[in-house]
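Participant: This is input.cif (mmCIF, C-alpha atoms and all ligand atoms).
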data_final
loop_
_atom_site.group_PDB
_atom_site.id
_atom_site.type_symbol
_atom_site.label_atom_id
_atom_site.label_comp_id
_atom_site.auth_asym_id
_atom_site.auth_seq_id
_atom_site.Cartn_x
_atom_site.Cartn_y
_atom_site.Cartn_z
ATOM 1 C CA MET A 1 -10.579 9.581 11.080
ATOM 2 C CA LYS A 2 -8.433 7.370 8.900
ATOM 3 C CA ASN A 3 -7.273 9.771 6.216
ATOM 4 C CA PRO A 4 -6.611 13.078 7.929
ATOM 5 C CA SER A 5 -3.901 14.181 5.552
ATOM 6 C CA ILE A 6 -5.492 15.032 2.260
ATOM 7 C CA SER A 7 -7.748 18.002 2.781
ATOM 8 C CA GLY A 8 -6.560 21.200 1.193
ATOM 9 C CA PHE A 9 -5.164 19.660 -1.948
ATOM 10 C CA THR A 10 -6.462 18.482 -5.265
ATOM 11 C CA ALA A 11 -5.189 15.057 -6.157
ATOM 12 C CA CYS A 12 -4.005 14.474 -9.719
ATOM 13 C CA ILE A 13 -3.407 10.861 -10.595
ATOM 14 C CA CYS A 14 -1.757 11.076 -13.994
ATOM 15 C CA LEU A 15 1.980 10.488 -13.773
ATOM 16 C CA ILE A 16 3.047 9.713 -17.312
ATOM 17 C CA HIS A 17 0.125 8.559 -19.429
ATOM 18 C CA ALA A 18 -2.703 11.005 -18.869
ATOM 19 C CA CYS A 19 -6.020 9.390 -18.078
ATOM 20 C CA SER A 20 -4.872 5.853 -18.803
ATOM 21 C CA SER A 21 -5.578 3.010 -16.426
ATOM 22 C CA ALA A 22 -1.966 2.041 -15.977
ATOM 23 C CA SER A 23 1.410 3.738 -15.994
ATOM 24 C CA ALA A 24 5.012 3.046 -15.171
ATOM 25 C CA ALA A 25 7.106 5.446 -13.153
ATOM 26 C CA VAL A 26 10.866 5.429 -13.575
ATOM 27 C CA ILE A 27 12.186 6.798 -10.322
ATOM 28 C CA SER A 28 15.789 7.963 -10.259
ATOM 29 C CA HIS A 29 17.896 9.425 -7.488
ATOM 30 C CA GLY A 30 21.650 9.672 -7.926
ATOM 31 C CA ASP A 31 22.921 6.623 -9.783
ATOM 32 C CA THR A 32 19.935 4.446 -8.889
ATOM 33 C CA SER A 33 16.813 4.009 -11.009
ATOM 34 C CA ILE A 34 13.915 1.659 -10.515
ATOM 35 C CA GLU A 35 10.740 1.293 -12.526
ATOM 36 C CA ILE A 36 7.447 0.629 -10.790
ATOM 37 C CA ALA A 37 4.204 -0.138 -12.644
ATOM 38 C CA PHE A 38 1.088 1.495 -11.253
ATOM 39 C CA VAL A 39 -2.632 1.246 -11.862
ATOM 40 C CA ASP A 40 -5.090 4.116 -11.410
ATOM 41 C CA ILE A 41 -7.721 3.887 -8.738
ATOM 42 C CA GLY A 42 -10.533 6.301 -9.530
ATOM 43 C CA TYR A 43 -14.123 6.703 -8.326
ATOM 44 C CA ALA A 44 -13.052 9.292 -5.759
ATOM 45 C CA ASP A 45 -15.335 9.683 -2.754
ATOM 46 C CA ASN A 46 -16.815 6.193 -3.182
ATOM 47 C CA ASN A 47 -18.870 4.622 -0.428
ATOM 48 C CA ALA A 48 -17.251 2.335 2.095
ATOM 49 C CA ASP A 49 -17.981 -1.381 2.099
ATOM 50 C CA THR A 50 -20.242 -2.778 4.832
ATOM 51 C CA SER A 51 -17.036 -3.448 6.777
ATOM 52 C CA GLY A 52 -16.459 0.330 6.991
ATOM 53 C CA PHE A 53 -13.342 0.137 4.794
ATOM 54 C CA GLY A 54 -12.685 1.271 1.246
ATOM 55 C CA SER A 55 -13.894 4.856 1.004
ATOM 56 C CA VAL A 56 -11.212 7.143 -0.453
ATOM 57 C CA ALA A 57 -11.985 10.764 -1.242
ATOM 58 C CA TYR A 58 -9.336 11.237 -3.957
ATOM 59 C CA ASP A 59 -7.772 9.486 -6.925
ATOM 60 C CA TYR A 60 -4.473 7.687 -6.437
ATOM 61 C CA LEU A 61 -2.177 5.084 -7.937
ATOM 62 C CA ILE A 62 -1.272 1.737 -6.451
ATOM 63 C CA SER A 63 1.579 -0.444 -7.579
ATOM 64 C CA LYS A 64 0.518 -3.228 -9.873
ATOM 65 C CA TYR A 65 2.816 -5.676 -8.100
ATOM 66 C CA GLU A 66 4.285 -6.284 -4.684
ATOM 67 C CA ILE A 67 7.690 -4.656 -4.302
ATOM 68 C CA THR A 68 10.234 -7.228 -5.433
ATOM 69 C CA SER A 69 13.507 -8.370 -3.942
ATOM 70 C CA ASN A 70 15.232 -6.748 -6.919
ATOM 71 C CA ASP A 71 13.576 -3.411 -6.091
ATOM 72 C CA TRP A 72 14.516 -3.766 -2.441
ATOM 73 C CA LEU A 73 18.136 -4.596 -3.198
ATOM 74 C CA ALA A 74 18.547 -1.616 -5.541
ATOM 75 C CA VAL A 75 17.134 0.926 -3.106
ATOM 76 C CA THR A 76 18.714 -0.414 0.085
ATOM 77 C CA THR A 77 22.050 -0.454 -1.700
ATOM 78 C CA ALA A 78 21.550 3.214 -2.562
ATOM 79 C CA ASP A 79 20.609 4.236 0.985
ATOM 80 C CA SER A 80 22.027 2.434 4.006
ATOM 81 C CA ASP A 81 19.506 4.057 6.376
ATOM 82 C CA ILE A 82 16.667 1.854 5.109
ATOM 83 C CA GLU A 83 17.705 -1.583 6.334
ATOM 84 C CA THR A 84 17.997 -1.218 10.098
ATOM 85 C CA GLY A 85 16.842 -4.678 11.181
ATOM 86 C CA SER A 86 17.477 -8.030 9.622
ATOM 87 C CA ALA A 87 18.901 -7.857 6.115
ATOM 88 C CA SER A 88 17.995 -11.438 5.382
ATOM 89 C CA ASP A 89 15.356 -12.028 2.727
ATOM 90 C CA PRO A 90 14.515 -15.591 1.746
ATOM 91 C CA HIS A 91 13.219 -14.306 -1.590
ATOM 92 C CA ASN A 92 15.110 -13.005 -4.586
ATOM 93 C CA GLY A 93 14.723 -11.584 -8.051
ATOM 94 C CA LEU A 94 11.088 -10.984 -8.949
ATOM 95 C CA GLN A 95 9.714 -12.616 -5.830
ATOM 96 C CA PRO A 96 8.197 -10.169 -3.333
ATOM 97 C CA THR A 97 10.690 -8.823 -0.836
ATOM 98 C CA SER A 98 10.101 -9.854 2.787
ATOM 99 C CA GLU A 99 11.722 -9.584 6.211
ATOM 100 C CA VAL A 100 10.771 -5.925 5.950
ATOM 101 C CA SER A 101 9.535 -3.968 8.951
ATOM 102 C CA TRP A 102 6.919 -1.215 8.581
ATOM 103 C CA TYR A 103 9.642 1.325 9.340
ATOM 104 C CA GLU A 104 11.901 -0.070 6.633
ATOM 105 C CA ALA A 105 9.051 -0.068 4.119
ATOM 106 C CA ALA A 106 8.241 3.543 5.026
ATOM 107 C CA LYS A 107 11.871 4.534 4.445
ATOM 108 C CA PHE A 108 11.857 2.728 1.099
ATOM 109 C CA ALA A 109 8.822 4.846 0.145
ATOM 110 C CA ASN A 110 10.571 7.979 1.376
ATOM 111 C CA TRP A 111 13.600 7.236 -0.773
ATOM 112 C CA LEU A 112 11.416 6.984 -3.855
ATOM 113 C CA THR A 113 9.846 10.326 -2.967
ATOM 114 C CA SER A 114 13.003 12.242 -2.085
ATOM 115 C CA GLY A 115 16.150 10.188 -2.632
ATOM 116 C CA ASP A 116 16.595 10.146 1.160
ATOM 117 C CA ALA A 117 15.204 7.395 3.404
ATOM 118 C CA LEU A 118 14.602 9.882 6.199
ATOM 119 C CA SER A 119 12.710 12.514 4.114
ATOM 120 C CA GLY A 120 9.258 12.159 2.622
ATOM 121 C CA ALA A 121 5.784 11.470 3.956
ATOM 122 C CA TYR A 122 7.291 9.536 6.866
ATOM 123 C CA LYS A 123 9.105 11.688 9.393
ATOM 124 C CA PHE A 124 12.143 10.141 11.043
ATOM 125 C CA SER A 125 14.537 11.644 13.573
ATOM 126 C CA ASP A 126 18.196 12.079 12.710
ATOM 127 C CA SER A 127 18.773 8.942 14.755
ATOM 128 C CA ASN A 128 16.489 6.955 12.459
ATOM 129 C CA THR A 129 13.449 6.777 14.754
ATOM 130 C CA PHE A 130 9.994 7.032 13.176
ATOM 131 C CA ILE A 131 7.986 10.030 14.409
ATOM 132 C CA SER A 132 4.841 10.536 12.328
ATOM 133 C CA VAL A 133 3.178 10.582 8.906
ATOM 134 C CA ASP A 134 2.720 13.902 7.114
ATOM 135 C CA ARG A 135 1.623 13.396 3.512
ATOM 136 C CA ASP A 136 0.574 17.022 3.023
ATOM 137 C CA SER A 137 3.966 18.522 3.813
ATOM 138 C CA ALA A 138 5.746 15.965 1.643
ATOM 139 C CA ALA A 139 3.335 16.596 -1.248
ATOM 140 C CA ASP A 140 3.927 20.314 -0.903
ATOM 141 C CA ILE A 141 7.656 19.775 -1.339
ATOM 142 C CA TYR A 142 7.813 16.887 -3.815
ATOM 143 C CA GLN A 143 4.439 17.075 -5.683
ATOM 144 C CA THR A 144 4.472 13.321 -6.281
ATOM 145 C CA ILE A 145 4.801 11.207 -3.160
ATOM 146 C CA TYR A 146 5.221 7.465 -2.693
ATOM 147 C CA VAL A 147 3.620 5.977 0.377
ATOM 148 C CA LEU A 148 2.382 2.776 1.905
ATOM 149 C CA PRO A 149 -1.298 2.587 1.022
ATOM 150 C CA THR A 150 -3.643 3.390 3.867
ATOM 151 C CA GLU A 151 -5.899 0.485 4.750
ATOM 152 C CA ASP A 152 -8.740 2.203 2.863
ATOM 153 C CA GLU A 153 -6.539 2.769 -0.206
ATOM 154 C CA TRP A 154 -5.417 -0.856 -0.079
ATOM 155 C CA TYR A 155 -8.947 -2.193 0.451
ATOM 156 C CA LYS A 156 -10.436 -0.142 -2.361
ATOM 157 C CA ALA A 157 -7.701 -1.124 -4.822
ATOM 158 C CA ALA A 158 -8.173 -4.784 -3.957
ATOM 159 C CA TYR A 159 -11.908 -5.245 -3.557
ATOM 160 C CA TYR A 160 -13.707 -2.355 -5.273
ATOM 161 C CA LYS A 161 -15.207 -3.386 -8.603
ATOM 162 C CA SER A 162 -13.699 -1.773 -11.678
ATOM 163 C CA ASP A 163 -17.155 -0.533 -12.710
ATOM 164 C CA GLY A 164 -17.625 1.189 -9.364
ATOM 165 C CA SER A 165 -20.681 -0.867 -8.459
ATOM 166 C CA GLY A 166 -19.502 -2.155 -5.092
ATOM 167 C CA TYR A 167 -17.111 -4.646 -3.555
ATOM 168 C CA THR A 168 -16.090 -8.254 -4.050
ATOM 169 C CA ALA A 169 -15.035 -10.817 -1.468
ATOM 170 C CA TYR A 170 -11.646 -11.491 -3.081
ATOM 171 C CA ALA A 171 -9.357 -9.254 -5.097
ATOM 172 C CA THR A 172 -10.040 -11.465 -8.125
ATOM 173 C CA GLY A 173 -13.829 -11.197 -7.693
ATOM 174 C CA ASP A 174 -16.511 -13.065 -5.786
ATOM 175 C CA THR A 175 -15.546 -16.470 -7.157
ATOM 176 C CA ILE A 176 -13.129 -18.428 -4.990
ATOM 177 C CA PRO A 177 -9.650 -17.946 -6.509
ATOM 178 C CA VAL A 178 -8.041 -21.177 -7.663
ATOM 179 C CA SER A 179 -5.010 -21.882 -5.522
ATOM 180 C CA GLY A 180 -1.820 -21.875 -7.568
ATOM 181 C CA THR A 181 -3.541 -20.403 -10.639
ATOM 182 C CA ASP A 182 -5.432 -17.268 -9.630
ATOM 183 C CA ALA A 183 -3.599 -16.602 -6.389
ATOM 184 C CA ASN A 184 -0.749 -18.089 -4.388
ATOM 185 C CA TYR A 185 -2.150 -19.465 -1.148
ATOM 186 C CA ARG A 186 -2.455 -22.787 0.647
ATOM 187 C CA ALA A 187 1.168 -23.539 -0.197
ATOM 188 C CA THR A 188 0.555 -25.420 -3.391
ATOM 189 C CA VAL A 189 3.178 -23.839 -5.627
ATOM 190 C CA GLY A 190 6.925 -23.487 -5.532
ATOM 191 C CA SER A 191 9.635 -26.002 -5.041
ATOM 192 C CA PRO A 192 9.439 -27.308 -2.421
ATOM 193 C CA ALA A 193 5.710 -26.628 -2.286
ATOM 194 C CA GLY A 194 4.967 -23.483 -0.338
ATOM 195 C CA ALA A 195 6.898 -20.487 -1.555
ATOM 196 C CA ALA A 196 6.334 -17.038 -2.939
ATOM 197 C CA TRP A 197 6.030 -16.934 -6.692
ATOM 198 C CA SER A 198 7.299 -14.135 -8.942
ATOM 199 C CA VAL A 199 4.987 -11.143 -8.664
ATOM 200 C CA GLY A 200 2.307 -11.205 -11.339
ATOM 201 C CA ASP A 201 2.270 -14.981 -11.843
ATOM 202 C CA GLY A 202 -1.404 -15.181 -10.883
ATOM 203 C CA THR A 203 -4.571 -13.725 -12.362
ATOM 204 C CA GLU A 204 -5.187 -10.016 -12.849
ATOM 205 C CA GLU A 205 -7.364 -8.637 -10.077
ATOM 206 C CA ASN A 206 -10.334 -6.228 -10.022
ATOM 207 C CA ASN A 207 -8.353 -3.090 -10.774
ATOM 208 C CA GLY A 208 -5.343 -4.408 -12.679
ATOM 209 C CA THR A 209 -3.206 -5.435 -9.705
ATOM 210 C CA TYR A 210 -1.717 -8.850 -8.990
ATOM 211 C CA ASP A 211 -1.238 -10.720 -5.732
ATOM 212 C CA MET A 212 -3.203 -8.410 -3.443
ATOM 213 C CA GLY A 213 -4.721 -11.734 -2.519
ATOM 214 C CA GLY A 214 -1.979 -14.036 -1.280
ATOM 215 C CA ASN A 215 1.713 -14.470 -2.115
ATOM 216 C CA ILE A 216 2.840 -12.180 0.709
ATOM 217 C CA TRP A 217 1.080 -10.169 3.425
ATOM 218 C CA GLU A 218 1.286 -6.434 2.752
ATOM 219 C CA TRP A 219 1.848 -3.579 5.166
ATOM 220 C CA THR A 220 -0.620 -0.740 5.086
ATOM 221 C CA GLU A 221 0.224 2.687 6.424
ATOM 222 C CA SER A 222 -2.654 2.498 8.879
ATOM 223 C CA ALA A 223 -2.790 1.636 12.534
ATOM 224 C CA TYR A 224 -4.864 -1.417 13.310
ATOM 225 C CA ASP A 225 -7.172 0.739 15.472
ATOM 226 C CA GLY A 226 -7.666 3.183 12.565
ATOM 227 C CA GLU A 227 -5.785 6.130 14.035
ATOM 228 C CA LEU A 228 -1.993 6.274 13.856
ATOM 229 C CA ASN A 229 -1.369 8.330 16.995
ATOM 230 C CA ASP A 230 1.439 6.235 18.472
ATOM 231 C CA PRO A 231 4.493 5.667 16.253
ATOM 232 C CA ASP A 232 4.950 2.166 17.633
ATOM 233 C CA GLU A 233 1.369 0.884 17.682
ATOM 234 C CA ILE A 234 0.345 -2.179 15.695
ATOM 235 C CA ARG A 235 -0.377 -1.699 11.998
ATOM 236 C CA ALA A 236 -2.900 -3.322 9.689
ATOM 237 C CA LEU A 237 -1.756 -6.061 7.309
ATOM 238 C CA ARG A 238 -3.878 -7.236 4.407
ATOM 239 C CA GLY A 239 -4.170 -9.978 1.810
ATOM 240 C CA GLY A 240 -2.698 -13.151 3.268
ATOM 241 C CA TYR A 241 0.440 -15.047 2.149
ATOM 242 C CA TYR A 242 1.237 -18.232 0.306
ATOM 243 C CA GLY A 243 0.999 -20.404 3.411
ATOM 244 C CA ASN A 244 -2.472 -19.220 4.425
ATOM 245 C CA ILE A 245 -5.854 -20.782 3.892
ATOM 246 C CA LEU A 246 -8.394 -19.098 1.619
ATOM 247 C CA GLN A 247 -9.978 -17.087 4.414
ATOM 248 C CA SER A 248 -6.892 -14.865 4.739
ATOM 249 C CA LEU A 249 -7.434 -13.553 1.214
ATOM 250 C CA ARG A 250 -10.954 -12.345 1.958
ATOM 251 C CA SER A 251 -11.914 -8.707 2.412
ATOM 252 C CA ASP A 252 -12.955 -9.394 6.011
ATOM 253 C CA LYS A 253 -9.481 -10.591 7.049
ATOM 254 C CA ARG A 254 -6.925 -8.246 8.621
ATOM 255 C CA ILE A 255 -4.183 -8.788 11.157
ATOM 256 C CA GLY A 256 -2.241 -6.375 13.354
ATOM 257 C CA PRO A 257 1.454 -7.032 13.943
ATOM 258 C CA ALA A 258 3.950 -4.682 15.583
ATOM 259 C CA PRO A 259 5.626 -2.312 13.101
ATOM 260 C CA ASP A 260 9.141 -3.529 13.877
ATOM 261 C CA GLY A 261 8.252 -7.095 12.930
ATOM 262 C CA GLU A 262 10.312 -8.627 10.111
ATOM 263 C CA VAL A 263 9.061 -11.956 8.880
ATOM 264 C CA PHE A 264 9.332 -14.051 5.730
ATOM 265 C CA SER A 265 5.594 -13.770 5.080
ATOM 266 C CA THR A 266 5.327 -9.963 4.976
ATOM 267 C CA GLY A 267 6.258 -7.394 2.371
ATOM 268 C CA PHE A 268 4.433 -4.440 0.826
ATOM 269 C CA ARG A 269 3.297 -2.512 -2.222
ATOM 270 C CA LEU A 270 3.170 1.249 -2.697
ATOM 271 C CA ALA A 271 0.667 3.942 -3.462
ATOM 272 C CA SER A 272 1.478 7.192 -5.232
ATOM 273 C CA ILE A 273 -0.319 10.497 -5.081
ATOM 274 C CA SER A 274 0.445 13.537 -7.197
ATOM 275 C CA ILE A 275 -0.871 16.701 -5.680
ATOM 276 C CA VAL A 276 -1.199 20.189 -7.050
ATOM 277 C CA PRO A 277 -2.117 22.871 -4.507
ATOM 278 C CA GLU A 278 -5.121 24.697 -5.875
ATOM 279 C CA PRO A 279 -6.707 27.152 -3.458
ATOM 280 C CA SER A 280 -9.999 27.410 -5.334
ATOM 281 C CA SER A 281 -10.753 23.753 -4.731
ATOM 282 C CA THR A 282 -9.633 23.670 -1.111
ATOM 283 C CA ALA A 283 -13.006 24.418 0.399
ATOM 284 C CA LEU A 284 -14.825 21.842 -1.709
ATOM 285 C CA LEU A 285 -12.344 19.080 -1.010
ATOM 286 C CA SER A 286 -12.371 19.870 2.694
ATOM 287 C CA LEU A 287 -16.126 19.522 2.703
ATOM 288 C CA GLY A 288 -15.768 16.197 0.926
ATOM 289 C CA SER A 289 -13.334 14.976 3.553
ATOM 290 C CA LEU A 290 -15.662 16.107 6.294
ATOM 291 C CA ALA A 291 -18.507 14.197 4.717
ATOM 292 C CA VAL A 292 -16.360 11.041 4.653
ATOM 293 C CA PHE A 293 -15.491 11.575 8.282
ATOM 294 C CA MET A 294 -19.097 12.011 9.305
ATOM 295 C CA ARG A 295 -20.199 8.885 7.433
ATOM 296 C CA ARG A 296 -17.565 6.892 9.265
ATOM 297 C CA ARG A 297 -18.662 8.133 12.637
ATOM 298 C CA ARG A 298 -22.085 6.664 12.009
ATOM 299 C CA ASP A 299 -20.683 3.256 11.098
HETATM 300 CA CA CA B 1 14.843 -5.937 7.047
HETATM 301 CA CA CA B 2 -0.027 -9.962 -1.495
HETATM 302 CA CA CA B 3 -4.060 4.374 17.551
#
If you convert what's in this file into C-alpha cells, what do you get?
Ligand SMILES: [Ca+2]
Ligand SMILES: [Ca+2]
Ligand SMILES: [Ca+2]

Facilitator:
Amino acid sequence: MKNPSISGFTACICLIHACSSASAAVISHGDTSIEIAFVDIGYADNNADTSGFGSVAYDYLISKYEITSNDWLAVTTADSDIETGSASDPHNGLQPTSEVSWYEAAKFANWLTSGDALSGAYKFSDSNTFISVDRDSAADIYQTIYVLPTEDEWYKAAYYKSDGSGYTAYATGDTIPVSGTDANYRATVGSPAGAAWSVGDGTEENNGTYDMGGNIWEWTESAYDGELNDPDEIRALRGGYYGNILQSLRSDKRIGPAPDGEVFSTGFRLASISIVPEPSSTALLSLGSLAVFMRRRRD
C-alpha cells in the first residue's frame, strides 16, 4: 500500500487561485519568504499505468520547477537543522539544488510546512534522526502541508496526460524529447557541455511542469520497494539527470539510492496538499482508498 496516509480527509487543492491550473505560494516563516510555483494535478482516483504506478486518489499540487539553489540557500540559512551532510552544491542561482540527501529534502519540506525543519509530515527525533512519515497528523495541524511527492504523485504529474486519457512515455509526451531543447539530458548543454540548466529552460511538460524529465534526478517520498517501513531503506528516484541517456527520462526508469546519499546529480521538487477534515466524506474517501489498494494487490 503506497499511500496509506490520506484516508479520512478530503483534499482541497486550491491554494490561492481557486480552480486554476497553476498557482504560486509565498511561504513565510520568521524573516524568510520564498515563492514556489505549483501546478494542479486533478483526475483524482485515476487508474494506474501498466507499470502499476500513477494512481492517486486525491487532488494535489506539484511544484512547477525543481527546487533551486536559491530556494535551498534561503531555507537552509533560516534553519540550521536542515543541512546535516555536505553543504557543497555545484549549482547556484536558478539551477536545481543538488548534494541533497532525502533527509535534508524532507526537512526542507517540513520547514515550508511549519517553519521548523523537525516538524511537519516528516517526523524527526530531537537529535535530528528521521523516524517516519505522517501526513495526516501534519495536515491536521497545518492544513496545508509540503512534502516530497510519493512515487505515484510524481509519476502521475510527469506522465499522465492533461486530458486524463492515459500515460505518455516521457513527461513531454510520447515523442522523443530533443536533447538540449525539450529536456536537459545527454550532456549537450552548459559550459562546459554537461551541466544543469536553470529550471524551466526546457519545454513545458504534460501537466505544466518543467524538467521532470532530465536536468536533475528527483527524490520521491517513497521507498523503492513501495512501502516505507524502515527509515533508512532505499528510496525511489525518478526522471534522470543531464548526464543520462534518453532511457533515464522514460516512465519505466527508476533507481533506488540510499536516503543519506548526497550527489551532484540529485535534487527534488515538492508536492503540496491542503486538507480540510470533513467527517461526512470520511467513509466515502476511505472506500476510495480501499479500492485503490485492492486494485494494486491484483497488479
Ligand atoms: Ca547537503
Ligand atoms: Ca528533473
Ligand atoms: Ca520497505

Participant: Select, from A:Ser222, A:Ser28, A:Ser69, A:Ser55, the residue with the minimum atom-to-atom distance to Tyr159 (chain A), counting all atoms listed in the file.

Facilitator: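 Closest to Tyr159 (chain A), using all atoms listed in the file: A:Ser55.
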
Participant: Which residues, named as in the file, does the PyMOL selection byres (((not hetatm)) within 9 of (chain B and resi 1)) pick out? Answer as a compact mmCIF listing (two decimals) with C-alpha atoms, in the coordinates of the input.

Facilitator:
# COMPACT_ATOMS: atom_id res chain seq x y z
CA ILE A 82 16.67 1.85 5.11
CA GLU A 83 17.70 -1.58 6.33
CA THR A 84 18.00 -1.22 10.10
CA GLY A 85 16.84 -4.68 11.18
CA SER A 86 17.48 -8.03 9.62
CA ALA A 87 18.90 -7.86 6.12
CA SER A 88 18.00 -11.44 5.38
CA ASP A 89 15.36 -12.03 2.73
CA SER A 98 10.10 -9.85 2.79
CA GLU A 99 11.72 -9.58 6.21
CA VAL A 100 10.77 -5.92 5.95
CA SER A 101 9.54 -3.97 8.95
CA GLU A 104 11.90 -0.07 6.63
CA ALA A 105 9.05 -0.07 4.12
CA GLY A 261 8.25 -7.10 12.93
CA GLU A 262 10.31 -8.63 10.11
CA VAL A 263 9.06 -11.96 8.88

Participant: What residues of the protein or nucleic acid chains come within 6 Å of ligand CA 3 (chain B) when you use only C-alpha atoms and all ligand atoms? Reply as an MDAnalysis selection string.

Facilitator: chainID A and resid 223 225 227:230

Participant: Produce a file of the selected residues containing C-alpha atoms, as a short mmCIF file (atom, residue, chain, number, x, y, z; two decimals), keeping the file's coordinate frame.

Facilitator:
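Here's the written file selection_25.cif:
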data_model
loop_
_atom_site.label_atom_id
_atom_site.label_comp_id
_atom_site.auth_asym_id
_atom_site.auth_seq_id
_atom_site.Cartn_x
_atom_site.Cartn_y
_atom_site.Cartn_z
CA ALA A 223 -2.79 1.64 12.53
CA ASP A 225 -7.17 0.74 15.47
CA GLU A 227 -5.78 6.13 14.04
CA LEU A 228 -1.99 6.27 13.86
CA ASN A 229 -1.37 8.33 17.00
CA ASP A 230 1.44 6.24 18.47
#

Participant: Separation of CA of Glu218 (chain A) and CA of Thr266 (chain A), in Å?

Facilitator: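 If I compute the distance from CA of Glu218 (chain A) to CA of Thr266 (chain A), I get 5.8 Å.
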
Participant: Return as a list in words every polymer residue, whether protein, DNA or RNA, with at least one atom no more than 8 Å from an atom of ligand CA 2 (chain B); count all atoms listed in the file.

Facilitator: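 Residues lying within 8 Å of ligand CA 2 (chain B): Glu66, Tyr210, Asp211, Met212, Gly213, Gly214, Asn215, Ile216, Trp217, Glu218, Arg238, Gly239, Gly240, Tyr241, Gly267 and Phe268 of chain A.
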
Participant: Just the residues within 12 Å of Ser80 (chain A), please, counting only C-alpha atoms, with nothing from its chain fewer than 3 positions along; format it as a VMD selection string.

Facilitator: chain A and resid 72 to 77 83 to 85 87 104 107 to 108 111 115 to 118 128

Participant: A:Glu35, A:Ser23, A:Tyr58, A:Asp81: which is nearest Ser125 (chain A), counting all atoms listed in the file?

Facilitator: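 Nearest candidate to Ser125 (chain A) out of A:Glu35, A:Ser23, A:Tyr58, A:Asp81: A:Asp81.
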
Participant: What is the distance between CA of Ile141 (chain A) and CA of Thr113 (chain A), in Å to one decimal?

Facilitator: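 Straight-line distance from CA of Ile141 (chain A) to CA of Thr113 (chain A) works out to 9.8 Å.
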
Participant: Could you work out how far CA of Ala78 (chain A) lies from CA of Gln143 (chain A), giving the answer in Å with one decimal?

Facilitator: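 That distance, rounded to one decimal, is 22.2 Å.
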
Participant: Written as an NGL selection string, what is the full residue list that the PyMOL selection byres (((chain A and resi 195) around 12) and not hetatm) yields on the file shown?

Facilitator: :A and (90-92 or 95-96 or 98 or 180 or 184-194 or 196-199 or 214-216 or 241-244 or 264-265)

Participant: Here is a test: counting all atoms listed in the file, which residue of A:Ala236, A:Trp219, A:Val39, A:Asn206 is nearest to Asp163 (chain A)?

Facilitator: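 Of all the options, A:Asn206 lies closest to Asp163 (chain A).
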
Participant: Considering only C-alpha atoms, can you say which of A:Asp71, A:Asp40, A:Glu221, A:Asp174 comes closest to Ser132 (chain A)?

Facilitator: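 Between A:Asp71, A:Asp40, A:Glu221, A:Asp174, the residue approaching Ser132 (chain A) most closely is A:Glu221.
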
Participant: For region 122-128 of chain A, what centre and edge lengths in Å (one decimal) does the axis-aligned box get once 6 Å is added on each side of all its listed atoms, as AutoDock Vina command-line options?

Facilitator:
--center_x 13.0 --center_y 9.5 --center_z 10.8 --size_x 23.5 --size_y 17.1 --size_z 19.9

Participant: Could I get region 81-90 of chain A rebuilt with N, CA, C and O atoms, written as a tab-separated table (two decimals), in the frame of the given file?

Facilitator:
chain	number	residue	atom	x	y	z
A	81	ASP	N	20.40	3.79	5.23
A	81	ASP	CA	19.51	4.06	6.38
A	81	ASP	C	18.24	3.20	6.35
A	81	ASP	O	17.50	3.16	7.34
A	82	ILE	N	17.95	2.56	5.22
A	82	ILE	CA	16.67	1.85	5.11
A	82	ILE	C	16.66	0.57	5.92
A	82	ILE	O	15.76	0.32	6.71
A	83	GLU	N	17.68	-0.24	5.71
A	83	GLU	CA	17.70	-1.58	6.33
A	83	GLU	C	18.33	-1.47	7.71
A	83	GLU	O	19.54	-1.48	7.85
A	84	THR	N	17.48	-1.37	8.74
A	84	THR	CA	18.00	-1.22	10.10
A	84	THR	C	17.80	-2.47	10.95
A	84	THR	O	18.29	-2.55	12.06
A	85	GLY	N	17.03	-3.43	10.44
A	85	GLY	CA	16.84	-4.68	11.18
A	85	GLY	C	17.57	-5.79	10.47
A	85	GLY	O	18.71	-5.63	10.02
A	86	SER	N	16.90	-6.90	10.34
A	86	SER	CA	17.48	-8.03	9.62
A	86	SER	C	17.60	-7.71	8.13
A	86	SER	O	16.69	-7.13	7.54
A	87	ALA	N	18.73	-8.05	7.55
A	87	ALA	CA	18.90	-7.86	6.12
A	87	ALA	C	18.65	-9.15	5.35
A	87	ALA	O	18.83	-9.20	4.15
A	88	SER	N	18.24	-10.17	6.07
A	88	SER	CA	18.00	-11.44	5.38
A	88	SER	C	16.65	-11.40	4.67
A	88	SER	O	15.69	-10.83	5.16
A	89	ASP	N	16.60	-11.95	3.49
A	89	ASP	CA	15.36	-12.03	2.73
A	89	ASP	C	15.39	-13.37	2.02
A	89	ASP	O	16.27	-13.60	1.18
A	90	PRO	N	14.48	-14.27	2.37
A	90	PRO	CA	14.52	-15.59	1.75
A	90	PRO	C	14.14	-15.56	0.27
A	90	PRO	O	14.28	-16.56	-0.44
